[in-house]
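Okay, run-v3.cif now, which holds mmCIF, C-alpha atoms:
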data_coords
loop_
_atom_site.label_atom_id
_atom_site.label_comp_id
_atom_site.auth_asym_id
_atom_site.auth_seq_id
_atom_site.Cartn_x
_atom_site.Cartn_y
_atom_site.Cartn_z
CA MET A 60 -147.02 -128.11 28.19
CA SER A 61 -149.41 -130.03 25.91
CA GLU A 62 -152.13 -130.11 28.60
CA ASP A 63 -151.26 -126.84 30.35
CA ALA A 64 -154.48 -125.06 29.41
CA PHE A 65 -154.24 -122.64 32.33
CA GLY A 66 -150.65 -121.78 31.46
CA PHE A 67 -151.56 -121.21 27.83
CA ALA A 68 -154.31 -118.81 28.90
CA LEU A 69 -151.84 -116.81 31.01
CA LEU A 70 -149.28 -116.73 28.20
CA ASP A 71 -151.97 -115.54 25.79
CA ARG A 72 -152.90 -112.71 28.17
CA LEU A 73 -149.21 -111.81 28.61
CA ASP A 74 -148.92 -111.56 24.82
CA GLY A 75 -151.85 -109.15 24.61
CA GLY A 76 -154.71 -111.61 24.18
CA SER A 77 -157.74 -112.00 26.42
CA GLY A 78 -156.64 -115.25 28.01
CA ILE A 79 -160.28 -116.26 28.18
CA HIS A 80 -160.58 -119.83 29.41
CA VAL A 81 -163.32 -122.15 30.60
CA ILE A 82 -163.45 -123.74 34.05
CA GLU A 83 -165.49 -126.94 33.94
CA ARG A 84 -166.87 -128.78 36.94
CA ASP A 85 -167.25 -132.55 36.80
CA ASP A 86 -171.05 -132.22 36.79
CA GLY A 87 -170.81 -130.38 33.48
CA HIS A 88 -171.22 -126.84 34.83
CA LYS A 89 -168.95 -124.44 32.91
CA GLU A 90 -167.84 -120.89 33.58
CA GLU A 91 -165.94 -118.63 31.21
CA MET A 92 -163.23 -116.53 32.82
CA SER A 93 -160.83 -113.87 31.64
CA ALA A 94 -157.20 -114.09 32.72
CA ASP A 95 -157.23 -110.37 33.60
CA VAL A 96 -157.70 -111.05 37.31
CA TYR A 97 -154.30 -112.78 37.49
CA PHE A 98 -152.56 -109.65 36.18
CA LEU A 99 -154.17 -107.00 38.39
CA ASP A 100 -152.01 -104.34 40.02
CA LEU A 101 -152.37 -103.84 43.78
CA ASP A 102 -154.61 -100.78 43.44
CA GLU A 103 -157.03 -102.81 41.29
CA TRP A 104 -157.50 -105.75 43.65
CA GLU A 105 -160.49 -104.42 45.57
CA GLU A 106 -162.48 -103.95 42.34
CA PHE A 107 -162.53 -107.75 41.89
CA HIS A 108 -163.80 -108.37 45.39
CA VAL A 109 -165.03 -111.95 44.92
CA VAL A 110 -161.48 -113.22 44.32
CA THR A 111 -159.28 -110.56 45.85
CA ALA A 112 -161.25 -108.90 48.67
CA THR A 113 -158.91 -110.14 51.39
CA ASP A 114 -155.70 -110.33 49.34
CA ARG A 115 -154.56 -106.80 50.20
CA VAL A 116 -154.91 -107.54 53.92
CA ALA A 117 -153.05 -110.83 53.51
CA VAL A 118 -149.93 -109.45 51.83
CA GLU A 119 -149.55 -106.96 54.68
CA MET A 120 -149.61 -109.78 57.25
CA VAL A 121 -146.52 -111.68 56.03
CA SER A 122 -142.84 -110.85 55.93
CA GLY A 123 -139.40 -112.38 55.48
CA ARG A 124 -138.98 -115.37 53.19
CA ILE A 125 -142.38 -116.20 51.69
CA LEU A 126 -143.72 -119.11 49.62
CA ASP A 127 -146.51 -118.17 47.18
CA VAL A 128 -148.45 -121.40 46.61
CA GLY A 129 -150.37 -121.48 43.33
CA ALA A 130 -148.72 -118.28 42.16
CA GLY A 131 -150.42 -118.06 38.76
CA ALA A 132 -149.13 -114.99 36.93
CA GLY A 133 -147.28 -113.75 40.03
CA ARG A 134 -149.80 -111.15 41.14
CA HIS A 135 -149.01 -111.57 44.83
CA ALA A 136 -145.33 -112.47 44.48
CA LEU A 137 -144.57 -109.24 42.61
CA VAL A 138 -146.24 -107.08 45.26
CA LEU A 139 -144.36 -108.86 48.03
CA GLN A 140 -141.07 -108.42 46.15
CA GLN A 141 -141.79 -104.71 45.81
CA LEU A 142 -142.31 -104.58 49.58
CA GLY A 143 -138.80 -105.97 50.02
CA HIS A 144 -139.55 -109.59 50.84
CA GLU A 145 -137.86 -112.68 49.42
CA VAL A 146 -140.49 -114.69 47.55
CA VAL A 147 -140.58 -118.08 45.86
CA ALA A 148 -143.51 -118.45 43.44
CA LEU A 149 -144.67 -122.08 43.17
CA ASP A 150 -147.06 -123.46 40.58
CA VAL A 151 -147.63 -126.79 38.82
CA SER A 152 -148.25 -124.98 35.51
CA PRO A 153 -145.15 -124.51 33.30
CA GLY A 154 -146.90 -121.63 31.54
CA ALA A 155 -147.65 -119.90 34.82
CA ILE A 156 -144.02 -120.18 35.90
CA GLU A 157 -142.88 -118.80 32.55
CA VAL A 158 -145.26 -115.84 32.95
CA CYS A 159 -144.01 -115.23 36.51
CA ARG A 160 -140.42 -115.08 35.26
CA GLU A 161 -141.30 -112.84 32.31
CA ARG A 162 -143.05 -110.44 34.67
CA GLY A 163 -140.07 -110.21 37.00
CA VAL A 164 -140.58 -112.78 39.75
CA GLU A 165 -137.04 -113.55 40.84
CA GLN A 166 -137.46 -117.06 42.31
CA THR A 167 -139.83 -119.75 41.05
CA PHE A 168 -140.45 -123.45 41.54
CA LEU A 169 -142.30 -125.66 39.05
CA GLY A 170 -144.06 -128.44 40.93
CA THR A 171 -146.15 -129.26 43.99
CA ILE A 172 -145.40 -128.36 47.58
CA HIS A 173 -144.59 -132.04 48.16
CA GLU A 174 -141.93 -131.88 45.42
CA LEU A 175 -140.53 -128.64 46.83
CA ALA A 176 -140.31 -130.21 50.29
CA GLU A 177 -138.24 -133.06 48.84
CA THR A 178 -135.56 -130.54 47.78
CA ASP A 179 -135.03 -129.50 51.44
CA PRO A 180 -135.08 -125.75 50.72
CA GLU A 181 -134.22 -122.98 53.13
CA PRO A 182 -137.27 -122.75 55.44
CA PHE A 183 -139.89 -120.06 54.93
CA ASP A 184 -141.25 -117.52 57.40
CA ALA A 185 -144.67 -117.67 55.74
CA ALA A 186 -146.70 -119.26 52.99
CA ILE A 187 -149.59 -117.59 51.19
CA LEU A 188 -152.49 -119.33 49.47
CA LEU A 189 -154.44 -116.44 47.98
CA GLY A 190 -156.97 -116.11 45.18
CA HIS A 191 -159.00 -118.74 47.11
CA ASN A 192 -156.02 -121.11 47.06
CA LEU A 193 -156.74 -122.56 50.48
CA ALA A 194 -158.96 -124.73 48.30
CA LEU A 195 -155.75 -126.46 47.17
CA LEU A 196 -156.24 -128.59 50.27
CA GLY A 197 -158.07 -130.62 47.65
CA SER A 198 -160.15 -132.99 49.75
CA PRO A 199 -160.45 -134.10 53.39
CA GLU A 200 -158.10 -137.01 52.59
CA ALA A 201 -155.50 -134.86 50.79
CA SER A 202 -155.55 -131.97 53.27
CA GLY A 203 -153.44 -133.79 55.86
CA PRO A 204 -150.49 -134.58 53.56
CA PHE A 205 -150.78 -131.08 52.06
CA LEU A 206 -150.51 -129.45 55.49
CA ASP A 207 -147.71 -131.85 56.49
CA SER A 208 -145.64 -130.69 53.51
CA LEU A 209 -146.39 -127.05 54.29
CA ARG A 210 -145.26 -127.60 57.89
CA SER A 211 -141.96 -129.08 56.70
CA LEU A 212 -141.33 -126.00 54.56
CA LEU A 213 -141.88 -123.47 57.35
CA LYS A 214 -139.75 -122.27 60.22
CA PRO A 215 -141.04 -123.43 63.65
CA ASP A 216 -142.81 -120.09 64.12
CA GLY A 217 -143.97 -119.93 60.49
CA VAL A 218 -147.46 -118.96 59.41
CA VAL A 219 -149.86 -119.73 56.56
CA VAL A 220 -152.18 -117.00 55.33
CA GLY A 221 -154.83 -117.92 52.78
CA ASN A 222 -158.37 -117.35 51.66
CA THR A 223 -161.19 -119.51 50.44
CA LEU A 224 -164.92 -119.43 49.78
CA ASP A 225 -167.84 -120.41 52.01
CA VAL A 226 -169.95 -122.20 49.40
CA TYR A 227 -172.98 -122.35 51.67
CA ARG A 228 -173.54 -118.62 51.18
CA THR A 229 -175.48 -119.02 47.96
CA ASP A 230 -179.07 -119.41 46.89
CA ASP A 231 -178.21 -120.40 43.32
CA PRO A 232 -180.24 -123.58 42.59
CA ILE A 233 -177.50 -124.94 40.33
CA HIS A 234 -174.91 -124.78 43.11
CA LEU A 235 -177.35 -126.00 45.75
CA ALA A 236 -178.15 -129.04 43.62
CA PHE A 237 -174.42 -129.70 43.23
CA HIS A 238 -173.96 -129.50 47.01
CA GLN A 239 -176.68 -132.09 47.51
CA ALA A 240 -175.21 -134.35 44.84
CA ASN A 241 -171.91 -134.19 46.71
CA ARG A 242 -173.61 -135.13 49.97
CA ASP A 243 -175.25 -138.07 48.21
CA ARG A 244 -171.76 -139.22 47.12
CA GLY A 245 -170.38 -138.90 50.65
CA ARG A 246 -168.37 -135.78 49.81
CA LEU A 247 -168.29 -132.35 51.39
CA PRO A 248 -170.69 -129.98 49.57
CA GLY A 249 -167.83 -127.73 48.43
CA GLN A 250 -165.60 -130.51 47.11
CA LEU A 251 -164.95 -129.77 43.44
CA THR A 252 -163.25 -131.62 40.64
CA LEU A 253 -162.32 -129.13 37.91
CA ARG A 254 -160.45 -128.75 34.67
CA VAL A 255 -159.46 -125.81 32.50
CA THR A 256 -159.92 -125.50 28.75
CA PHE A 257 -158.20 -122.85 26.65
CA GLU A 258 -159.04 -122.88 22.95
CA ASP A 259 -158.30 -126.51 21.89
CA THR A 260 -156.23 -127.40 24.96
CA VAL A 261 -157.93 -129.31 27.77
CA GLY A 262 -156.19 -129.59 31.12
CA ASP A 263 -156.23 -132.48 33.56
CA TRP A 264 -158.88 -132.79 36.25
CA PHE A 265 -157.84 -131.57 39.70
CA ASP A 266 -159.48 -131.34 43.13
CA TYR A 267 -160.38 -128.05 44.78
CA LEU A 268 -162.07 -127.83 48.19
CA PHE A 269 -164.20 -124.90 49.32
CA VAL A 270 -165.16 -125.14 52.99
CA ALA A 271 -167.09 -123.19 55.60
CA PRO A 272 -165.04 -121.82 58.54
CA GLU A 273 -166.08 -124.64 60.87
CA GLU A 274 -165.10 -127.25 58.28
CA LEU A 275 -161.72 -125.59 57.75
CA THR A 276 -161.15 -125.50 61.50
CA GLU A 277 -161.87 -129.22 61.77
CA LEU A 278 -159.56 -130.10 58.88
CA VAL A 279 -156.57 -128.11 60.15
CA GLU A 280 -156.96 -129.19 63.79
CA ARG A 281 -157.05 -132.82 62.66
CA SER A 282 -153.61 -132.24 61.06
CA GLY A 283 -152.02 -130.56 64.06
CA TRP A 284 -152.61 -126.92 63.15
CA ARG A 285 -154.71 -124.16 64.68
CA ILE A 286 -156.65 -121.23 63.29
CA GLU A 287 -155.07 -118.09 64.73
CA ASP A 288 -157.44 -115.63 63.07
CA MET A 289 -160.29 -115.63 60.57
CA THR A 290 -162.42 -112.98 58.89
CA GLU A 291 -166.17 -113.11 58.45
CA PRO A 292 -167.19 -114.90 55.20
CA ASN A 293 -168.62 -112.56 52.58
CA PRO A 294 -168.58 -115.22 50.98
CA SER A 295 -164.74 -115.18 50.75
CA TYR A 296 -162.82 -115.21 54.00
CA LEU A 297 -159.23 -115.04 55.16
CA ALA A 298 -157.67 -117.51 57.59
CA VAL A 299 -154.35 -117.47 59.44
CA LEU A 300 -152.97 -120.93 60.28
CA ARG A 301 -150.08 -121.98 62.51
CA PRO A 302 -148.69 -125.41 63.34
CA VAL A 303 -149.38 -126.47 66.91
#
Any chance you could give the structure as structure tokens?
Amino acid sequence: MSEDAFGFALLDRLDGGSGIHVIERDDGHKEEMSADVYFLDLDEWEEFHVVTATDRVAVEMVSGRILDVGAGAGRHALVLQQLGHEVVALDVSPGAIEVCRERGVEQTFLGTIHELAETDPEPFDAAILLGHNLALLGSPEASGPFLDSLRSLLKPDGVVVGNTLDVYRTDDPIHLAFHQANRDRGRLPGQLTLRVTFEDTVGDWFDYLFVAPEELTELVERSGWRIEDMTEPNPSYLAVLRPV
């Protein structure tokens, strides 16, 4: 856990601290964030509308055996358990998985969806990628293998429900300049490379991909999926994906 900055922040918050951490973009832009959002109860979700506006809708759309991808502190997994569903909380952060277990998540998996697929688990009825975790598609190149692994984990009639952010809905000059710099590098405007710092611990860089609805549609169709439903970006939006 020596580089698990995100996990350390969650553990600090679990122990009564603030869990304040810094999210750094590879252009040097930094944003300080409290870990409180990862511990919100269901009735608090709508207050943090930028991250959780569509989460309440999403958890009501899935049932059965559910995979929570990028589970964090188990905010969604715990609600789904309370609704009577079987949930597996997956995260690459050891600290996050420890927090999930401490908070009562019954089934967890430490690793990527590719590593979970290699274990040949019982198939899932649904997978959720909430808290903007559709951005875990990572990049146009990584999205295909990511969706292939998700497909292998689902039942034939399985569904993926997730949300993301339409980065074009901003007039912030800092973000607009970053979008143009990405275009100049041949990347999608919303393609991010990020890392988390908590106190003296610095995490590894990772890719995170925010896309507009039309870009998401193109990515998933290229990988043999279809968009079954989608909400209007505000700037977050919810998408329902099914394998073709």
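Using all atoms listed in the file, the residues found no farther than 6 Å from segment 295-301 of chain A, other than those of its own chain fewer than 4 positions away, are Val218, Val219, Val220, Gly221, Asn222, Thr223, Leu224, Trp284, Arg285, Ile286, Glu287, Asp288, Met289, Thr290 and Glu291 of chain A.
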Nearest residue to Val279 of chain A from the set A:Asp86, A:Glu157, A:Asp207, A:Asp74 (distances using all atoms listed in the file):
A:Asp207
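Minimum distance to Leu196 of chain A across A:Ser282, A:Thr113, A:Thr260, A:Gln166 (counting all atoms listed in the file) occurs at A:Ser282.
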Taking the file as I've supplied it (selection: the PyMOL selection byres ((chain A and resi 254) around 7)), which residues are included? Please answer as a PyMOL selection string.
chain A and resi 82-84+253+255-256+262-265
Dump as a PDB file, keeping the file's coordinate frame, selection limited to C-alpha atoms:
ATOM      1  CA  ILE A  82    -163.450-123.740  34.050  1.00  0.00           C
ATOM      2  CA  GLU A  83    -165.490-126.940  33.940  1.00  0.00           C
ATOM      3  CA  ARG A  84    -166.870-128.780  36.940  1.00  0.00           C
ATOM      4  CA  LEU A 253    -162.320-129.130  37.910  1.00  0.00           C
ATOM      5  CA  VAL A 255    -159.460-125.810  32.500  1.00  0.00           C
ATOM      6  CA  THR A 256    -159.920-125.500  28.750  1.00  0.00           C
ATOM      7  CA  GLY A 262    -156.190-129.590  31.120  1.00  0.00           C
ATOM      8  CA  ASP A 263    -156.230-132.480  33.560  1.00  0.00           C
ATOM      9  CA  TRP A 264    -158.880-132.790  36.250  1.00  0.00           C
ATOM     10  CA  PHE A 265    -157.840-131.570  39.700  1.00  0.00           C
TER      11      PHE A 265
END
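Using the PyMOL selection byres ((chain A and resi 240-250) around 9) on this structure selects Ala194, Gly197, Ser198, Pro199, Leu224, Asp225, Val226, Tyr227, Leu235, Ala236, Phe237, His238, Gln239, Leu251, Thr252, Asp266, Tyr267, Leu268, Phe269, Val270 and Ala271 of chain A.
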Long-range neighbours of segment 129-144 of chain A as number ranges by chain, 7 Å cut-off, only C-alpha atoms, 5 positions minimum in chain:
A: 69, 97-99, 118, 122-124, 149-150, 155, 158-159, 164, 188, 192
Requested write-out: C-alpha atoms of the selected residues, as a PDB file, in the frame of the given file:
ATOM      1  CA  LEU A  69    -151.840-116.810  31.010  1.00  0.00           C
ATOM      2  CA  TYR A  97    -154.300-112.780  37.490  1.00  0.00           C
ATOM      3  CA  PHE A  98    -152.560-109.650  36.180  1.00  0.00           C
ATOM      4  CA  LEU A  99    -154.170-107.000  38.390  1.00  0.00           C
ATOM      5  CA  VAL A 118    -149.930-109.450  51.830  1.00  0.00           C
ATOM      6  CA  SER A 122    -142.840-110.850  55.930  1.00  0.00           C
ATOM      7  CA  GLY A 123    -139.400-112.380  55.480  1.00  0.00           C
ATOM      8  CA  ARG A 124    -138.980-115.370  53.190  1.00  0.00           C
ATOM      9  CA  LEU A 149    -144.670-122.080  43.170  1.00  0.00           C
ATOM     10  CA  ASP A 150    -147.060-123.460  40.580  1.00  0.00           C
ATOM     11  CA  ALA A 155    -147.650-119.900  34.820  1.00  0.00           C
ATOM     12  CA  VAL A 158    -145.260-115.840  32.950  1.00  0.00           C
ATOM     13  CA  CYS A 159    -144.010-115.230  36.510  1.00  0.00           C
ATOM     14  CA  VAL A 164    -140.580-112.780  39.750  1.00  0.00           C
ATOM     15  CA  LEU A 188    -152.490-119.330  49.470  1.00  0.00           C
ATOM     16  CA  ASN A 192    -156.020-121.110  47.060  1.00  0.00           C
TER      17      ASN A 192
END
Given all atoms listed in the file as the counted atoms, nearest of A:Leu209, A:Ala117, A:Ala148, A:Leu193 to Pro272 of chain A
A:Leu193
From A:Ser77, A:Ser202, A:Thr171, A:Ser152, residue lying nearest Gly283 of chain A [only C-alpha atoms]
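Answer, going by the shortest atom-to-atom distance: A:Ser202.
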Expected selection from the PyMOL selection byres ((chain A and resi 212) around 8), given as an MDAnalysis selection string:
chainID A and resid 176 179:183 208:211 213:214
Counting only C-alpha atoms, the residue of A:His173, A:Arg72, A:His234, A:Arg281 that sits nearest Val128 of chain A
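Nearest candidate to Val128 of chain A out of A:His173, A:Arg72, A:His234, A:Arg281: A:His173.
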Take every atom of segment 79-94 of chain A listed in the file, fit an axis-aligned box around them, add 6 Å per side, and give the centre and edge lengths in Å to one decimal as AutoDock Vina command-line options.
--center_x -164.2 --center_y -123.2 --center_z 32.6 --size_x 26.0 --size_y 30.7 --size_z 20.8
Looking at A:Ile187, A:Asp63, A:Ile79, A:Met120, which one is nearest to Val147 of chain A, with distances taken over only C-alpha atoms?
A:Ile187
To one decimal in Å, tell me the separation between atom CA of Pro153 of chain A and atom CA of Val116 of chain A.
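Computing it gives 28.4 Å between the two atoms.
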Separation of atom CA of Leu70 of chain A and atom CA of Asp259 of chain A, in Å?
14.7 Å
In Å to one decimal, how far is atom CA of Ala201 of chain A from atom CA of Gly170 of chain A?
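Computed distance, atom CA of Gly170 of chain A to atom CA of Ala201 of chain A, equals 16.4 Å.
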